[in-house]
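Have a look at target21.txt; it's compact mmCIF, N, CA and C atoms:
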```txt
# COMPACT_ATOMS: atom_id res chain seq x y z
N MET E 1 -14.54 -12.07 36.93
CA MET E 1 -13.43 -11.37 36.33
C MET E 1 -12.11 -11.83 36.93
N ARG E 2 -12.11 -12.25 38.20
CA ARG E 2 -10.88 -12.74 38.81
C ARG E 2 -10.37 -13.97 38.08
N ARG E 3 -11.30 -14.84 37.66
CA ARG E 3 -10.91 -16.04 36.93
C ARG E 3 -10.23 -15.66 35.62
N LEU E 4 -10.77 -14.66 34.92
CA LEU E 4 -10.19 -14.21 33.67
C LEU E 4 -8.76 -13.74 33.90
N ALA E 5 -8.54 -12.94 34.93
CA ALA E 5 -7.20 -12.43 35.21
C ALA E 5 -6.22 -13.56 35.52
N SER E 6 -6.67 -14.57 36.28
CA SER E 6 -5.77 -15.67 36.61
C SER E 6 -5.48 -16.54 35.39
N VAL E 7 -6.47 -16.74 34.54
CA VAL E 7 -6.27 -17.53 33.34
C VAL E 7 -5.35 -16.81 32.38
N LEU E 8 -5.52 -15.50 32.29
CA LEU E 8 -4.73 -14.72 31.35
C LEU E 8 -3.28 -14.57 31.77
N ALA E 9 -2.98 -14.85 32.99
CA ALA E 9 -1.59 -14.78 33.45
C ALA E 9 -0.72 -15.75 32.67
N ALA E 10 -1.32 -16.79 32.12
CA ALA E 10 -0.60 -17.79 31.34
C ALA E 10 -0.56 -17.44 29.86
N SER E 11 -1.04 -16.27 29.49
CA SER E 11 -1.08 -15.85 28.10
C SER E 11 0.33 -15.72 27.53
N VAL E 12 0.43 -15.56 26.21
CA VAL E 12 1.74 -15.44 25.57
C VAL E 12 2.45 -14.16 25.95
N LEU E 13 1.73 -13.20 26.50
CA LEU E 13 2.35 -11.94 26.90
C LEU E 13 2.48 -11.90 28.41
N VAL E 14 3.58 -11.34 28.91
CA VAL E 14 3.84 -11.30 30.35
C VAL E 14 4.04 -9.85 30.78
N LEU E 15 3.45 -9.48 31.93
CA LEU E 15 3.49 -8.12 32.44
C LEU E 15 4.63 -7.93 33.44
N THR E 16 5.33 -6.78 33.36
CA THR E 16 6.38 -6.47 34.33
C THR E 16 6.32 -5.00 34.71
N GLY E 17 7.01 -4.63 35.81
CA GLY E 17 7.23 -3.26 36.22
C GLY E 17 6.05 -2.57 36.86
N CYS E 18 6.24 -1.33 37.40
CA CYS E 18 5.14 -0.50 37.91
C CYS E 18 5.60 0.93 38.20
N SER E 19 4.96 1.93 37.58
CA SER E 19 5.14 3.37 37.80
C SER E 19 4.23 4.10 36.82
N LEU E 20 4.51 5.34 36.42
CA LEU E 20 3.54 6.11 35.64
C LEU E 20 4.04 6.50 34.25
N PRO E 21 3.40 5.99 33.17
CA PRO E 21 3.77 6.42 31.82
C PRO E 21 3.01 7.70 31.44
N ARG E 22 3.21 8.21 30.23
CA ARG E 22 2.62 9.49 29.85
C ARG E 22 1.37 9.37 28.98
N HIS E 23 1.28 8.38 28.12
CA HIS E 23 0.15 8.31 27.18
C HIS E 23 -0.65 7.03 27.40
N TYR E 24 -1.95 7.17 27.43
CA TYR E 24 -2.81 6.02 27.62
C TYR E 24 -3.72 5.84 26.41
N PRO E 25 -3.39 4.94 25.51
CA PRO E 25 -4.29 4.69 24.38
C PRO E 25 -5.58 4.06 24.89
N GLU E 26 -6.67 4.27 24.16
CA GLU E 26 -7.96 3.72 24.55
C GLU E 26 -8.40 2.65 23.57
N VAL E 27 -9.27 1.77 24.06
CA VAL E 27 -9.90 0.75 23.23
C VAL E 27 -11.41 0.98 23.33
N THR E 28 -12.10 0.91 22.20
CA THR E 28 -13.53 1.10 22.16
C THR E 28 -14.23 -0.25 21.97
N PHE E 29 -15.25 -0.47 22.79
CA PHE E 29 -16.06 -1.70 22.72
C PHE E 29 -17.49 -1.29 22.42
N HIS E 30 -18.13 -1.99 21.48
CA HIS E 30 -19.53 -1.70 21.14
C HIS E 30 -20.31 -3.01 21.12
N ALA E 31 -21.40 -3.05 21.89
CA ALA E 31 -22.27 -4.23 21.92
C ALA E 31 -23.66 -3.83 22.37
N ASN E 32 -24.65 -4.46 21.78
CA ASN E 32 -26.03 -4.29 22.24
C ASN E 32 -26.46 -2.82 22.27
N GLY E 33 -25.99 -2.03 21.29
CA GLY E 33 -26.37 -0.63 21.19
C GLY E 33 -25.63 0.32 22.12
N LYS E 34 -24.63 -0.16 22.84
CA LYS E 34 -23.88 0.67 23.80
C LYS E 34 -22.40 0.67 23.40
N THR E 35 -21.78 1.83 23.49
CA THR E 35 -20.35 1.98 23.20
C THR E 35 -19.64 2.51 24.43
N ILE E 36 -18.52 1.89 24.77
CA ILE E 36 -17.69 2.39 25.87
C ILE E 36 -16.25 2.53 25.38
N ARG E 37 -15.57 3.56 25.88
CA ARG E 37 -14.14 3.75 25.61
C ARG E 37 -13.42 3.43 26.91
N VAL E 38 -12.39 2.60 26.80
CA VAL E 38 -11.73 2.07 27.98
C VAL E 38 -10.25 2.45 27.98
N GLU E 39 -9.80 2.98 29.12
CA GLU E 39 -8.37 3.22 29.33
C GLU E 39 -7.74 1.93 29.83
N PRO E 40 -6.44 1.80 29.74
CA PRO E 40 -5.80 0.55 30.17
C PRO E 40 -5.91 0.30 31.67
N ALA E 41 -6.07 -0.96 32.04
CA ALA E 41 -6.04 -1.36 33.45
C ALA E 41 -4.60 -1.27 33.95
N VAL E 42 -3.67 -1.63 33.09
CA VAL E 42 -2.23 -1.51 33.35
C VAL E 42 -1.59 -1.03 32.06
N TYR E 43 -0.66 -0.08 32.17
CA TYR E 43 0.05 0.41 30.99
C TYR E 43 1.48 0.76 31.35
N CYS E 44 2.42 0.25 30.55
CA CYS E 44 3.87 0.40 30.82
C CYS E 44 4.54 1.15 29.69
N ASP E 45 5.81 1.49 29.88
CA ASP E 45 6.57 2.10 28.80
C ASP E 45 6.85 1.03 27.74
N VAL E 46 7.45 1.44 26.63
CA VAL E 46 7.66 0.55 25.49
C VAL E 46 8.54 -0.67 25.81
N GLU E 47 9.37 -0.55 26.85
CA GLU E 47 10.22 -1.67 27.25
C GLU E 47 9.52 -2.61 28.23
N GLY E 48 8.29 -2.28 28.63
CA GLY E 48 7.55 -3.13 29.57
C GLY E 48 7.82 -2.79 31.02
N ASN E 49 8.39 -1.61 31.29
CA ASN E 49 8.69 -1.15 32.65
C ASN E 49 7.85 0.09 32.97
N ASN E 50 8.02 0.63 34.19
CA ASN E 50 7.36 1.87 34.61
C ASN E 50 5.86 1.83 34.31
N CYS E 51 5.16 0.97 35.00
CA CYS E 51 3.74 0.72 34.73
C CYS E 51 2.82 1.51 35.67
N ALA E 52 1.70 1.97 35.13
CA ALA E 52 0.63 2.58 35.91
C ALA E 52 -0.54 1.61 35.93
N GLU E 53 -1.24 1.53 37.06
CA GLU E 53 -2.35 0.58 37.20
C GLU E 53 -3.62 1.29 37.62
N GLN E 54 -4.75 0.80 37.09
CA GLN E 54 -6.07 1.20 37.54
C GLN E 54 -6.71 -0.05 38.13
N THR E 55 -7.62 0.11 39.06
CA THR E 55 -8.12 -1.07 39.77
C THR E 55 -9.42 -1.65 39.22
N GLN E 56 -10.27 -0.87 38.61
CA GLN E 56 -11.59 -1.34 38.22
C GLN E 56 -11.69 -1.59 36.71
N PRO E 57 -12.17 -2.78 36.31
CA PRO E 57 -12.42 -2.99 34.88
C PRO E 57 -13.68 -2.24 34.46
N ALA E 58 -13.77 -1.93 33.19
CA ALA E 58 -14.98 -1.33 32.65
C ALA E 58 -16.06 -2.41 32.62
N LYS E 59 -17.33 -2.00 32.50
CA LYS E 59 -18.44 -2.96 32.44
C LYS E 59 -19.26 -2.71 31.19
N LEU E 60 -19.71 -3.82 30.57
CA LEU E 60 -20.50 -3.74 29.36
C LEU E 60 -21.52 -4.86 29.36
N LYS E 61 -22.78 -4.52 29.05
CA LYS E 61 -23.84 -5.53 28.99
C LYS E 61 -23.82 -6.18 27.60
N VAL E 62 -23.68 -7.52 27.58
CA VAL E 62 -23.66 -8.27 26.33
C VAL E 62 -24.50 -9.53 26.51
N PRO E 63 -25.75 -9.53 26.03
CA PRO E 63 -26.57 -10.74 26.14
C PRO E 63 -25.96 -11.90 25.32
N ALA E 64 -26.29 -13.12 25.69
CA ALA E 64 -25.82 -14.30 24.96
C ALA E 64 -26.18 -14.16 23.48
N GLY E 65 -25.26 -14.58 22.63
CA GLY E 65 -25.50 -14.56 21.19
C GLY E 65 -25.17 -13.26 20.50
N LYS E 66 -24.85 -12.21 21.25
CA LYS E 66 -24.53 -10.91 20.65
C LYS E 66 -23.03 -10.79 20.42
N VAL E 67 -22.65 -10.05 19.38
CA VAL E 67 -21.24 -9.83 19.08
C VAL E 67 -20.76 -8.56 19.76
N VAL E 68 -19.45 -8.42 19.88
CA VAL E 68 -18.82 -7.21 20.41
C VAL E 68 -17.85 -6.70 19.35
N GLN E 69 -18.01 -5.45 18.97
CA GLN E 69 -17.09 -4.80 18.06
C GLN E 69 -15.99 -4.16 18.90
N ILE E 70 -14.74 -4.43 18.56
CA ILE E 70 -13.60 -3.88 19.29
C ILE E 70 -12.79 -3.04 18.32
N SER E 71 -12.47 -1.82 18.73
CA SER E 71 -11.67 -0.92 17.91
C SER E 71 -10.51 -0.40 18.76
N VAL E 72 -9.28 -0.58 18.28
CA VAL E 72 -8.11 -0.18 19.06
C VAL E 72 -7.53 1.12 18.54
N ASP E 73 -6.88 1.85 19.44
CA ASP E 73 -6.14 3.06 19.15
C ASP E 73 -5.09 2.76 18.07
N GLY E 74 -4.77 3.74 17.25
CA GLY E 74 -3.76 3.56 16.20
C GLY E 74 -2.42 3.09 16.72
N GLN E 75 -2.05 3.54 17.92
CA GLN E 75 -0.79 3.10 18.52
C GLN E 75 -0.76 1.59 18.74
N LEU E 76 -1.89 1.03 19.19
CA LEU E 76 -1.98 -0.41 19.38
C LEU E 76 -1.96 -1.13 18.04
N ALA E 77 -2.72 -0.61 17.09
CA ALA E 77 -2.81 -1.25 15.78
C ALA E 77 -1.47 -1.28 15.05
N ASP E 78 -0.62 -0.28 15.29
CA ASP E 78 0.70 -0.25 14.65
C ASP E 78 1.65 -1.28 15.25
N GLY E 79 1.39 -1.69 16.49
CA GLY E 79 2.23 -2.69 17.15
C GLY E 79 1.56 -4.05 17.10
N LEU E 80 1.73 -4.83 18.16
CA LEU E 80 1.10 -6.14 18.26
C LEU E 80 0.10 -6.14 19.41
N TRP E 81 -1.09 -6.68 19.17
CA TRP E 81 -2.12 -6.76 20.20
C TRP E 81 -2.92 -8.04 19.99
N GLU E 82 -3.65 -8.40 21.03
CA GLU E 82 -4.54 -9.56 20.94
C GLU E 82 -5.76 -9.33 21.82
N ALA E 83 -6.85 -9.98 21.47
CA ALA E 83 -8.05 -9.98 22.30
C ALA E 83 -8.15 -11.37 22.93
N VAL E 84 -8.36 -11.40 24.24
CA VAL E 84 -8.52 -12.65 24.98
C VAL E 84 -9.86 -12.56 25.70
N PHE E 85 -10.66 -13.62 25.64
CA PHE E 85 -11.97 -13.53 26.26
C PHE E 85 -12.36 -14.82 26.96
N LEU E 86 -13.15 -14.62 28.02
CA LEU E 86 -13.66 -15.70 28.85
C LEU E 86 -15.16 -15.78 28.61
N TYR E 87 -15.66 -17.02 28.43
CA TYR E 87 -17.09 -17.19 28.25
C TYR E 87 -17.55 -18.50 28.88
N ARG E 88 -18.87 -18.61 29.07
CA ARG E 88 -19.48 -19.83 29.60
C ARG E 88 -20.32 -20.44 28.48
N ASP E 89 -20.07 -21.74 28.20
CA ASP E 89 -20.82 -22.40 27.14
C ASP E 89 -22.16 -22.93 27.67
N ALA E 90 -22.94 -23.56 26.81
CA ALA E 90 -24.27 -24.04 27.16
C ALA E 90 -24.24 -25.08 28.28
N LYS E 91 -23.12 -25.78 28.44
CA LYS E 91 -22.97 -26.78 29.51
C LYS E 91 -22.55 -26.13 30.83
N GLY E 92 -22.32 -24.83 30.82
CA GLY E 92 -21.90 -24.13 32.03
C GLY E 92 -20.39 -24.14 32.24
N GLU E 93 -19.64 -24.65 31.28
CA GLU E 93 -18.18 -24.69 31.39
C GLU E 93 -17.58 -23.35 30.99
N GLU E 94 -16.62 -22.85 31.80
CA GLU E 94 -15.92 -21.62 31.47
C GLU E 94 -14.76 -21.93 30.54
N LYS E 95 -14.65 -21.14 29.50
CA LYS E 95 -13.60 -21.34 28.49
C LYS E 95 -12.92 -20.01 28.20
N THR E 96 -11.63 -20.09 27.91
CA THR E 96 -10.86 -18.92 27.53
C THR E 96 -10.29 -19.16 26.14
N THR E 97 -10.39 -18.16 25.31
CA THR E 97 -9.83 -18.24 23.97
C THR E 97 -9.40 -16.84 23.55
N GLY E 98 -8.78 -16.72 22.39
CA GLY E 98 -8.34 -15.41 21.95
C GLY E 98 -8.07 -15.37 20.47
N THR E 99 -7.63 -14.22 20.03
CA THR E 99 -7.43 -13.96 18.61
C THR E 99 -6.06 -14.37 18.11
N GLY E 100 -5.09 -14.52 19.00
CA GLY E 100 -3.71 -14.59 18.55
C GLY E 100 -3.26 -13.16 18.28
N LEU E 101 -2.02 -12.97 17.92
CA LEU E 101 -1.49 -11.62 17.74
C LEU E 101 -2.02 -10.97 16.46
N LEU E 102 -2.46 -9.73 16.60
CA LEU E 102 -2.96 -8.91 15.50
C LEU E 102 -2.11 -7.65 15.44
N GLY E 103 -2.40 -6.78 14.49
CA GLY E 103 -1.74 -5.48 14.44
C GLY E 103 -0.84 -5.31 13.25
N LYS E 104 0.35 -4.75 13.50
CA LYS E 104 1.33 -4.39 12.47
C LYS E 104 0.72 -3.44 11.44
N GLY E 105 -0.17 -2.54 11.91
CA GLY E 105 -0.78 -1.55 11.05
C GLY E 105 -1.92 -2.08 10.20
N GLU E 106 -2.28 -3.35 10.38
CA GLU E 106 -3.31 -3.96 9.54
C GLU E 106 -4.63 -4.19 10.27
N ASN E 107 -4.63 -4.31 11.58
CA ASN E 107 -5.84 -4.65 12.32
C ASN E 107 -6.18 -3.57 13.35
N PHE E 108 -7.16 -2.73 13.03
CA PHE E 108 -7.65 -1.71 13.94
C PHE E 108 -8.92 -2.16 14.64
N THR E 109 -9.60 -3.17 14.07
CA THR E 109 -10.86 -3.64 14.62
C THR E 109 -10.91 -5.15 14.66
N TYR E 110 -11.80 -5.65 15.51
CA TYR E 110 -12.05 -7.08 15.60
C TYR E 110 -13.50 -7.27 16.03
N THR E 111 -14.19 -8.22 15.41
CA THR E 111 -15.55 -8.56 15.81
C THR E 111 -15.50 -9.85 16.59
N LEU E 112 -15.85 -9.78 17.86
CA LEU E 112 -15.82 -10.93 18.74
C LEU E 112 -17.20 -11.61 18.70
N ALA E 113 -17.24 -12.81 18.15
CA ALA E 113 -18.46 -13.61 18.12
C ALA E 113 -18.10 -14.97 18.72
N LEU E 114 -18.84 -15.40 19.70
CA LEU E 114 -18.56 -16.69 20.36
C LEU E 114 -19.01 -17.85 19.47
N PRO E 115 -18.47 -19.06 19.72
CA PRO E 115 -18.76 -20.21 18.86
C PRO E 115 -20.24 -20.55 18.72
N ASP E 116 -21.04 -20.39 19.78
CA ASP E 116 -22.44 -20.76 19.75
C ASP E 116 -23.29 -19.61 20.26
N LYS E 117 -24.49 -19.44 19.73
CA LYS E 117 -25.37 -18.33 20.14
C LYS E 117 -25.81 -18.41 21.60
N THR E 118 -25.70 -19.58 22.21
CA THR E 118 -26.09 -19.71 23.62
C THR E 118 -24.93 -19.44 24.56
N ASP E 119 -23.72 -19.29 24.04
CA ASP E 119 -22.56 -19.00 24.88
C ASP E 119 -22.69 -17.59 25.47
N GLN E 120 -22.29 -17.44 26.74
CA GLN E 120 -22.37 -16.15 27.42
C GLN E 120 -20.97 -15.60 27.66
N LEU E 121 -20.67 -14.47 27.06
CA LEU E 121 -19.40 -13.79 27.27
C LEU E 121 -19.33 -13.31 28.71
N MET E 122 -18.17 -13.46 29.36
CA MET E 122 -18.00 -13.04 30.75
C MET E 122 -16.96 -11.93 30.92
N GLY E 123 -15.97 -11.89 30.06
CA GLY E 123 -14.93 -10.87 30.18
C GLY E 123 -14.07 -10.81 28.94
N ILE E 124 -13.50 -9.63 28.71
CA ILE E 124 -12.62 -9.39 27.56
C ILE E 124 -11.38 -8.66 28.06
N GLU E 125 -10.24 -9.04 27.54
CA GLU E 125 -9.01 -8.26 27.76
C GLU E 125 -8.34 -8.05 26.42
N ILE E 126 -7.83 -6.85 26.22
CA ILE E 126 -7.00 -6.53 25.07
C ILE E 126 -5.59 -6.39 25.60
N HIS E 127 -4.65 -7.08 24.99
CA HIS E 127 -3.25 -7.05 25.41
C HIS E 127 -2.42 -6.36 24.34
N GLU E 128 -1.50 -5.50 24.76
CA GLU E 128 -0.54 -4.89 23.84
C GLU E 128 0.85 -5.39 24.18
N ALA E 129 1.59 -5.80 23.17
CA ALA E 129 2.96 -6.28 23.37
C ALA E 129 3.92 -5.10 23.50
N ALA E 130 4.94 -5.27 24.35
CA ALA E 130 6.01 -4.28 24.50
C ALA E 130 7.09 -4.56 23.47
N ALA E 131 8.08 -3.68 23.37
CA ALA E 131 9.20 -3.89 22.45
C ALA E 131 10.14 -4.98 22.97
N ALA E 132 10.14 -5.18 24.28
CA ALA E 132 11.03 -6.18 24.89
C ALA E 132 10.45 -7.58 24.74
N VAL E 133 11.33 -8.58 24.76
CA VAL E 133 10.89 -9.97 24.68
C VAL E 133 11.50 -10.77 25.81
N LEU E 134 10.84 -11.87 26.16
CA LEU E 134 11.36 -12.78 27.17
C LEU E 134 12.45 -13.65 26.59
N ASP E 135 13.15 -14.39 27.44
CA ASP E 135 14.16 -15.33 26.98
C ASP E 135 13.57 -16.38 26.05
N THR E 136 12.28 -16.64 26.18
CA THR E 136 11.58 -17.61 25.33
C THR E 136 11.28 -17.05 23.94
N GLY E 137 11.49 -15.73 23.76
CA GLY E 137 11.20 -15.10 22.49
C GLY E 137 9.80 -14.50 22.43
N GLN E 138 8.98 -14.72 23.47
CA GLN E 138 7.64 -14.17 23.51
C GLN E 138 7.68 -12.72 24.00
N PRO E 139 6.82 -11.85 23.45
CA PRO E 139 6.84 -10.44 23.87
C PRO E 139 6.29 -10.25 25.27
N LEU E 140 6.83 -9.24 25.95
CA LEU E 140 6.28 -8.82 27.24
C LEU E 140 4.98 -8.07 27.01
N LEU E 141 4.13 -8.04 28.01
CA LEU E 141 2.89 -7.29 27.95
C LEU E 141 3.17 -5.84 28.33
N ARG E 142 2.82 -4.93 27.43
CA ARG E 142 2.98 -3.51 27.73
C ARG E 142 1.77 -2.97 28.48
N GLY E 143 0.60 -3.45 28.11
CA GLY E 143 -0.61 -2.99 28.76
C GLY E 143 -1.78 -3.90 28.46
N TYR E 144 -2.82 -3.75 29.28
CA TYR E 144 -4.06 -4.46 28.96
C TYR E 144 -5.27 -3.65 29.37
N TRP E 145 -6.34 -3.86 28.63
CA TRP E 145 -7.62 -3.19 28.82
C TRP E 145 -8.61 -4.27 29.20
N ALA E 146 -9.33 -4.08 30.30
CA ALA E 146 -10.22 -5.13 30.81
C ALA E 146 -11.67 -4.67 30.81
N VAL E 147 -12.56 -5.58 30.38
CA VAL E 147 -13.99 -5.33 30.40
C VAL E 147 -14.68 -6.50 31.05
N GLU E 148 -15.45 -6.21 32.08
CA GLU E 148 -16.29 -7.22 32.74
C GLU E 148 -17.64 -7.18 32.03
N VAL E 149 -18.12 -8.35 31.61
CA VAL E 149 -19.36 -8.43 30.86
C VAL E 149 -20.51 -8.89 31.75
N THR E 150 -21.64 -8.20 31.64
CA THR E 150 -22.87 -8.61 32.31
C THR E 150 -23.87 -8.99 31.22
N ASN E 151 -24.90 -9.75 31.60
CA ASN E 151 -25.88 -10.13 30.56
C ASN E 151 -27.25 -9.60 30.84
```
Re-express the file's structure as structure tokens.
Amino acid sequence: MRRLASVLAASVLVLTGCSLPRHYPEVTFHANGKTIRVEPAVYCDVEGNNCAEQTQPAKLKVPAGKVVQISVDGQLADGLWEAVFLYRDAKGEEKTTGTGLLGKGENFTYTLALPDKTDQLMGIEIHEAAAAVLDTGQPLLRGYWAVEVTN
């Protein structure tokens, strides 16, 4: 999971600030007959400031070849969000990929299926964009939800 966090630091969304916001939207993950609801690992105000942090990612068992259904809170779906995931391919190489930006009231769910049935999912993060943007024009990260995958 540490590798996922370091790889994701280069994502299109950037995290700033730290303190306590009031509302924590949840993301639901379903795989292999198990459903978990996850609070954000980090969540900031709409401007990307005043962030609250939790230390432990959620855990979900996902055998190779299985899909993960992801359902986001309406607040996330109304804004911009993305799913980013780390997996190991059949050659043992770790790869990171993602959905690109989703949302704008149109995307409440996403089905995560890896390119090959032998690929093993290792971790998932859901990122929510803040209202603020960087000088580059890319949105700041308002929050993220982390899931460590076991097989």
Report as a ChimeraX atom specification: the residues of chain E with a DSSP assignment of strand (DSSP E or B), based on the backbone of this structure. /E:14-15,27-31,34-38,42-43,52-53,58-61,68-72,80-88,94-98,102-103,109-112,120-133,139-150
From the list E:Trp145, E:Ile126, E:Tyr110, E:Val72, which residue is nearest Gln54 in chain E when using only C-alpha atoms? E:Trp145
Which one is closest to Gly143 in chain E: E:Ala41, E:Val27, E:Asn32, E:Gly92? Count only N, CA and C atoms. E:Ala41
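Proximity of E:Thr28, E:Asn107, E:Gly48, E:Pro63 to Leu140 in chain E, computed with all atoms listed in the file, is greatest for E:Gly48.
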Please report, as lines of an AutoDock Vina configuration file, the centre and edge lengths in Å to one decimal of an axis-aligned box covering all listed atoms of range 141-146 of chain E with 6 Å per side.
```
center_x = -3.8
center_y = -5.5
center_z = 29.1
size_x = 27.8
size_y = 17.1
size_z = 15.4
```
Between E:Val84, E:Cys44, E:Leu76, E:Ile70, smallest distance to Gly103 in chain E by only N, CA and C atoms belongs to E:Leu76
List the spatial neighbours of Ala130 in chain E as JSON, numbers by chain - criterion: any atom at most 7 Å away, all atoms listed in the file, same-chain residues fewer than 4 positions off excluded. {"E": [45, 46, 47, 48, 80, 139, 140, 141, 142, 143]}
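Near Leu121 in chain E, within 6 Å and counting all atoms listed in the file, sit Ala64, Leu86, Tyr87, Arg88 and Val149 of chain E, not including residues fewer than 5 positions from it in the same chain.
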Would you put the residues from that selection into a file with N, CA and C atoms, as a PDB file, in the frame of the given file?
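Once written, again06.pdb looks like this:
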```pdb
ATOM      1  N   ALA E  64     -26.290 -13.120  25.690  1.00  0.00           N
ATOM      2  CA  ALA E  64     -25.820 -14.300  24.960  1.00  0.00           C
ATOM      3  C   ALA E  64     -26.180 -14.160  23.480  1.00  0.00           C
ATOM      4  N   LEU E  86     -13.150 -14.620  28.020  1.00  0.00           N
ATOM      5  CA  LEU E  86     -13.660 -15.700  28.850  1.00  0.00           C
ATOM      6  C   LEU E  86     -15.160 -15.780  28.610  1.00  0.00           C
ATOM      7  N   TYR E  87     -15.660 -17.020  28.430  1.00  0.00           N
ATOM      8  CA  TYR E  87     -17.090 -17.190  28.250  1.00  0.00           C
ATOM      9  C   TYR E  87     -17.550 -18.500  28.880  1.00  0.00           C
ATOM     10  N   ARG E  88     -18.870 -18.610  29.070  1.00  0.00           N
ATOM     11  CA  ARG E  88     -19.480 -19.830  29.600  1.00  0.00           C
ATOM     12  C   ARG E  88     -20.320 -20.440  28.480  1.00  0.00           C
ATOM     13  N   VAL E 149     -18.120  -8.350  31.610  1.00  0.00           N
ATOM     14  CA  VAL E 149     -19.360  -8.430  30.860  1.00  0.00           C
ATOM     15  C   VAL E 149     -20.510  -8.890  31.750  1.00  0.00           C
TER      16      VAL E 149
END
```
